[in-house]
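Let me begin by presenting the structure, written as structure tokens, before commenting on it.
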Amino acid sequence: MKAAPPLPASEAGTKKFSTAVRPATLLPVPRRQGDRQQSRNRALEARNVGRRAEELLRDGRPDSTLALLRYTAEAYTPLEVALLVTLLRAQGQDELTDNLVHIYARDRNDHEVVCTALVLHEREAVADAEALLRMAAAHPGSSLSRARGAEPSI
């Protein structure tokens, strides 16, 4: 029987261990209860953005505040945006909240807007959920489809 030729050093061990090494995954959690650690992290992130937006406004930097809201609207999940909306509203930051709702509804796709509105509704922030849906209806489609000139399907 003939011996197999040796593998180059760069490929040594890749076949044997590639299936054994996988990225860590979160443990399953019952859907109703949710993952408390992730919930705390999301709430903390929302508080941090809210705090930073307040600081920027206090420092007289409205352009930076809007840039932060635009980034947040782009980068955050529907749940995180809903948490931020409710937090800002509870803190009396009505103008910031209204701006975030406007930016989010204008720039995100319709599915994400509906998901965010649903979370807001579940958190009894019905007025913000309605405002989000109304703003999205005024700007149908995703920001990408509007940029390409796609016609709304309504």
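We name chains A, B, ... following the order of the structure tokens; residues begin at 1 in each chain, and ligands are numbered from 1 as shown.
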Given only C-alpha atoms, how would the per-residue table for segment 87-109 of chain A near segment 43-61 of chain A read, listing every residue at most 9 Å away with its closest atom pair and distance in Å to one decimal, sorted by chain and number, as a Markdown table?
```
| residue | atom | partner | partner_atom | distance |
| --- | --- | --- | --- | --- |
| A:Leu87 | CA | A:Arg47 | CA | 7.2 |
| A:Leu88 | CA | A:Gly50 | CA | 6.3 |
| A:Gln91 | CA | A:Gly50 | CA | 9.0 |
| A:Gln93 | CA | A:Glu54 | CA | 8.2 |
| A:Leu96 | CA | A:Ala53 | CA | 7.9 |
```
Please produce an output containing N, CA and C atoms for each residue in the selection, written as a PDB file, in the first residue's frame.
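And here's result-v3.pdb as it stands now:
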```
ATOM      1  N   LEU A  87     -37.501  54.867  25.453  1.00  0.00           N
ATOM      2  CA  LEU A  87     -36.629  55.487  26.454  1.00  0.00           C
ATOM      3  C   LEU A  87     -36.586  57.004  26.276  1.00  0.00           C
ATOM      4  N   LEU A  88     -36.347  57.444  25.047  1.00  0.00           N
ATOM      5  CA  LEU A  88     -36.291  58.883  24.788  1.00  0.00           C
ATOM      6  C   LEU A  88     -37.618  59.555  25.119  1.00  0.00           C
ATOM      7  N   GLN A  91     -38.061  59.964  28.804  1.00  0.00           N
ATOM      8  CA  GLN A  91     -37.185  61.003  29.342  1.00  0.00           C
ATOM      9  C   GLN A  91     -37.617  62.403  28.911  1.00  0.00           C
ATOM     10  N   GLN A  93     -37.680  63.544  25.864  1.00  0.00           N
ATOM     11  CA  GLN A  93     -36.910  63.991  24.697  1.00  0.00           C
ATOM     12  C   GLN A  93     -37.775  63.859  23.441  1.00  0.00           C
ATOM     13  N   LEU A  96     -36.122  64.686  19.919  1.00  0.00           N
ATOM     14  CA  LEU A  96     -35.209  63.611  19.516  1.00  0.00           C
ATOM     15  C   LEU A  96     -35.985  62.382  19.067  1.00  0.00           C
TER      16      LEU A  96
END
```
Quick one: everything within 7 Å of segment 111-114 of chain A, counting only C-alpha atoms, minus sequence neighbours fewer than 4 positions away in the same chain. Send it as a compact mmCIF listing (two decimals) with C-alpha atoms, in the first residue's frame.
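Writing the result to out38.txt gives the following:
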```txt
# COMPACT_ATOMS: atom_id res chain seq x y z
CA PRO A 78 -36.05 46.97 15.18
CA ALA A 105 -39.32 55.28 8.83
CA LEU A 118 -45.19 46.06 16.46
```
Extract the full set of alpha helix (DSSP H) residues from segment 46-143 of chain A according to DSSP on the backbone, and format it as a compact mmCIF listing (two decimals) with N, CA and C atoms, in the first residue's frame.
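Okay, part17.txt is ready:
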```txt
# COMPACT_ATOMS: atom_id res chain seq x y z
N ALA A 46 -29.42 51.41 24.32
CA ALA A 46 -30.41 52.46 24.09
C ALA A 46 -30.17 53.63 25.04
N ARG A 47 -29.89 53.35 26.30
CA ARG A 47 -29.60 54.43 27.26
C ARG A 47 -28.36 55.21 26.85
N ASN A 48 -27.34 54.49 26.38
CA ASN A 48 -26.10 55.17 25.97
C ASN A 48 -26.35 56.11 24.80
N VAL A 49 -27.12 55.67 23.82
CA VAL A 49 -27.42 56.53 22.67
C VAL A 49 -28.25 57.72 23.13
N GLY A 50 -29.23 57.47 23.98
CA GLY A 50 -30.04 58.56 24.50
C GLY A 50 -29.22 59.58 25.25
N ARG A 51 -28.31 59.10 26.09
CA ARG A 51 -27.44 59.97 26.87
C ARG A 51 -26.53 60.78 25.95
N ARG A 52 -25.97 60.11 24.95
CA ARG A 52 -25.06 60.79 24.02
C ARG A 52 -25.80 61.85 23.21
N ALA A 53 -27.01 61.53 22.77
CA ALA A 53 -27.80 62.50 22.01
C ALA A 53 -28.12 63.73 22.86
N GLU A 54 -28.45 63.51 24.12
CA GLU A 54 -28.71 64.63 25.03
C GLU A 54 -27.47 65.51 25.19
N GLU A 55 -26.31 64.87 25.36
CA GLU A 55 -25.05 65.62 25.50
C GLU A 55 -24.78 66.47 24.27
N LEU A 56 -24.98 65.88 23.10
CA LEU A 56 -24.73 66.62 21.86
C LEU A 56 -25.66 67.82 21.73
N LEU A 57 -26.91 67.63 22.12
CA LEU A 57 -27.85 68.75 22.08
C LEU A 57 -27.46 69.84 23.07
N ARG A 58 -27.10 69.43 24.27
CA ARG A 58 -26.68 70.40 25.31
C ARG A 58 -25.45 71.19 24.86
N PRO A 62 -26.45 70.21 17.01
CA PRO A 62 -27.60 69.51 16.42
C PRO A 62 -27.24 68.65 15.21
N ASP A 63 -26.23 69.06 14.43
CA ASP A 63 -25.82 68.25 13.28
C ASP A 63 -25.26 66.90 13.73
N SER A 64 -24.46 66.92 14.79
CA SER A 64 -23.92 65.68 15.32
C SER A 64 -25.02 64.80 15.92
N THR A 65 -26.00 65.45 16.53
CA THR A 65 -27.14 64.70 17.08
C THR A 65 -27.88 63.97 15.97
N LEU A 66 -28.16 64.67 14.89
CA LEU A 66 -28.86 64.04 13.76
C LEU A 66 -28.01 62.94 13.13
N ALA A 67 -26.70 63.15 13.07
CA ALA A 67 -25.82 62.10 12.53
C ALA A 67 -25.87 60.86 13.42
N LEU A 68 -25.90 61.05 14.72
CA LEU A 68 -26.02 59.92 15.65
C LEU A 68 -27.35 59.19 15.45
N LEU A 69 -28.43 59.94 15.28
CA LEU A 69 -29.73 59.32 15.06
C LEU A 69 -29.77 58.56 13.73
N ARG A 70 -29.16 59.13 12.70
CA ARG A 70 -29.11 58.45 11.39
C ARG A 70 -28.32 57.15 11.50
N TYR A 71 -27.18 57.19 12.18
CA TYR A 71 -26.37 55.99 12.37
C TYR A 71 -27.17 54.95 13.16
N THR A 72 -27.81 55.37 14.22
CA THR A 72 -28.60 54.47 15.06
C THR A 72 -29.72 53.84 14.25
N ALA A 73 -30.41 54.64 13.47
CA ALA A 73 -31.51 54.12 12.65
C ALA A 73 -31.01 53.08 11.65
N GLU A 74 -29.80 53.27 11.18
CA GLU A 74 -29.22 52.33 10.20
C GLU A 74 -28.68 51.07 10.86
N ALA A 75 -28.04 51.21 12.01
CA ALA A 75 -27.29 50.11 12.59
C ALA A 75 -28.08 49.26 13.58
N PRO A 78 -34.74 46.41 14.84
CA PRO A 78 -36.05 46.97 15.18
C PRO A 78 -36.32 47.01 16.69
N LEU A 79 -35.93 45.96 17.40
CA LEU A 79 -36.14 45.94 18.84
C LEU A 79 -35.34 47.04 19.53
N GLU A 80 -34.09 47.21 19.14
CA GLU A 80 -33.25 48.24 19.75
C GLU A 80 -33.78 49.64 19.47
N VAL A 81 -34.27 49.87 18.26
CA VAL A 81 -34.83 51.19 17.94
C VAL A 81 -36.10 51.42 18.75
N ALA A 82 -36.93 50.40 18.88
CA ALA A 82 -38.15 50.54 19.68
C ALA A 82 -37.81 50.86 21.13
N LEU A 83 -36.79 50.19 21.68
CA LEU A 83 -36.36 50.48 23.05
C LEU A 83 -35.89 51.92 23.18
N LEU A 84 -35.13 52.37 22.20
CA LEU A 84 -34.62 53.74 22.23
C LEU A 84 -35.76 54.75 22.13
N VAL A 85 -36.71 54.49 21.27
CA VAL A 85 -37.86 55.39 21.13
C VAL A 85 -38.61 55.51 22.46
N THR A 86 -38.89 54.38 23.09
CA THR A 86 -39.63 54.43 24.36
C THR A 86 -38.80 55.10 25.45
N LEU A 87 -37.50 54.87 25.45
CA LEU A 87 -36.63 55.49 26.45
C LEU A 87 -36.59 57.00 26.28
N LEU A 88 -36.35 57.44 25.05
CA LEU A 88 -36.29 58.88 24.79
C LEU A 88 -37.62 59.56 25.12
N ARG A 89 -38.70 58.90 24.77
CA ARG A 89 -40.03 59.47 25.05
C ARG A 89 -40.25 59.56 26.57
N ALA A 90 -39.87 58.54 27.29
CA ALA A 90 -40.04 58.53 28.75
C ALA A 90 -39.19 59.62 29.41
N ASP A 94 -38.86 64.61 23.41
CA ASP A 94 -39.84 64.46 22.34
C ASP A 94 -39.30 64.80 20.96
N GLU A 95 -38.52 65.87 20.87
CA GLU A 95 -37.98 66.26 19.56
C GLU A 95 -37.00 65.20 19.04
N LEU A 96 -36.12 64.69 19.92
CA LEU A 96 -35.21 63.61 19.52
C LEU A 96 -35.99 62.38 19.07
N THR A 97 -37.01 62.03 19.83
CA THR A 97 -37.82 60.85 19.51
C THR A 97 -38.49 61.02 18.15
N ASP A 98 -39.10 62.18 17.94
CA ASP A 98 -39.77 62.44 16.66
C ASP A 98 -38.79 62.36 15.49
N ASN A 99 -37.59 62.91 15.69
CA ASN A 99 -36.57 62.86 14.63
C ASN A 99 -36.14 61.43 14.35
N LEU A 100 -35.94 60.64 15.40
CA LEU A 100 -35.55 59.24 15.21
C LEU A 100 -36.63 58.47 14.47
N VAL A 101 -37.88 58.66 14.86
CA VAL A 101 -38.99 57.99 14.18
C VAL A 101 -39.02 58.38 12.71
N HIS A 102 -38.86 59.65 12.43
CA HIS A 102 -38.88 60.14 11.04
C HIS A 102 -37.74 59.52 10.22
N ILE A 103 -36.53 59.57 10.77
CA ILE A 103 -35.36 59.04 10.06
C ILE A 103 -35.50 57.54 9.84
N TYR A 104 -35.92 56.83 10.87
CA TYR A 104 -36.04 55.37 10.78
C TYR A 104 -37.08 54.97 9.74
N ALA A 105 -38.25 55.61 9.78
CA ALA A 105 -39.32 55.28 8.83
C ALA A 105 -38.92 55.61 7.40
N ARG A 106 -38.16 56.66 7.23
CA ARG A 106 -37.74 57.08 5.89
C ARG A 106 -36.64 56.19 5.33
N ASP A 107 -35.72 55.73 6.19
CA ASP A 107 -34.51 55.08 5.71
C ASP A 107 -34.51 53.56 5.76
N ASP A 110 -39.67 48.51 4.66
CA ASP A 110 -41.00 48.44 5.24
C ASP A 110 -41.14 47.32 6.27
N HIS A 111 -40.51 46.19 6.03
CA HIS A 111 -40.60 45.07 6.98
C HIS A 111 -40.02 45.46 8.33
N GLU A 112 -38.87 46.10 8.33
CA GLU A 112 -38.24 46.52 9.58
C GLU A 112 -39.09 47.57 10.30
N VAL A 113 -39.70 48.45 9.53
CA VAL A 113 -40.57 49.48 10.12
C VAL A 113 -41.78 48.83 10.79
N VAL A 114 -42.37 47.85 10.11
CA VAL A 114 -43.53 47.16 10.69
C VAL A 114 -43.12 46.41 11.96
N CYS A 115 -41.97 45.75 11.94
CA CYS A 115 -41.48 45.03 13.13
C CYS A 115 -41.27 46.00 14.29
N THR A 116 -40.69 47.15 14.02
CA THR A 116 -40.46 48.15 15.06
C THR A 116 -41.79 48.68 15.59
N ALA A 117 -42.72 48.94 14.68
CA ALA A 117 -44.04 49.43 15.11
C ALA A 117 -44.74 48.39 15.98
N LEU A 118 -44.58 47.13 15.66
CA LEU A 118 -45.19 46.06 16.46
C LEU A 118 -44.60 46.06 17.88
N VAL A 119 -43.29 46.18 17.99
CA VAL A 119 -42.66 46.22 19.32
C VAL A 119 -43.14 47.44 20.09
N LEU A 120 -43.21 48.59 19.42
CA LEU A 120 -43.71 49.80 20.08
C LEU A 120 -45.14 49.59 20.57
N HIS A 121 -45.96 48.98 19.74
CA HIS A 121 -47.35 48.72 20.12
C HIS A 121 -47.41 47.80 21.33
N GLU A 122 -46.59 46.75 21.33
CA GLU A 122 -46.55 45.81 22.46
C GLU A 122 -46.08 46.49 23.74
N VAL A 126 -48.28 53.34 21.55
CA VAL A 126 -49.15 53.29 20.37
C VAL A 126 -48.99 54.52 19.50
N ALA A 127 -48.87 55.69 20.10
CA ALA A 127 -48.73 56.92 19.31
C ALA A 127 -47.45 56.89 18.48
N ASP A 128 -46.36 56.39 19.06
CA ASP A 128 -45.11 56.30 18.29
C ASP A 128 -45.20 55.22 17.22
N ALA A 129 -45.86 54.12 17.50
CA ALA A 129 -46.05 53.07 16.49
C ALA A 129 -46.85 53.63 15.31
N GLU A 130 -47.89 54.37 15.63
CA GLU A 130 -48.72 54.97 14.57
C GLU A 130 -47.92 56.00 13.77
N ALA A 131 -47.17 56.84 14.47
CA ALA A 131 -46.36 57.85 13.77
C ALA A 131 -45.34 57.19 12.85
N LEU A 132 -44.73 56.10 13.31
CA LEU A 132 -43.76 55.37 12.51
C LEU A 132 -44.42 54.82 11.25
N LEU A 133 -45.58 54.22 11.40
CA LEU A 133 -46.28 53.67 10.24
C LEU A 133 -46.74 54.76 9.27
N ARG A 134 -47.23 55.86 9.81
CA ARG A 134 -47.66 56.96 8.94
C ARG A 134 -46.49 57.55 8.16
N MET A 135 -45.37 57.70 8.83
CA MET A 135 -44.19 58.25 8.15
C MET A 135 -43.71 57.27 7.07
N ALA A 136 -43.71 55.98 7.38
CA ALA A 136 -43.29 54.99 6.38
C ALA A 136 -44.24 54.98 5.19
N ALA A 137 -45.53 55.17 5.46
CA ALA A 137 -46.51 55.21 4.36
C ALA A 137 -46.27 56.43 3.46
N ALA A 138 -45.77 57.50 4.05
CA ALA A 138 -45.47 58.69 3.26
C ALA A 138 -44.19 58.52 2.44
N SER A 143 -35.06 52.63 1.63
CA SER A 143 -34.26 53.75 1.14
C SER A 143 -33.55 53.37 -0.16
```
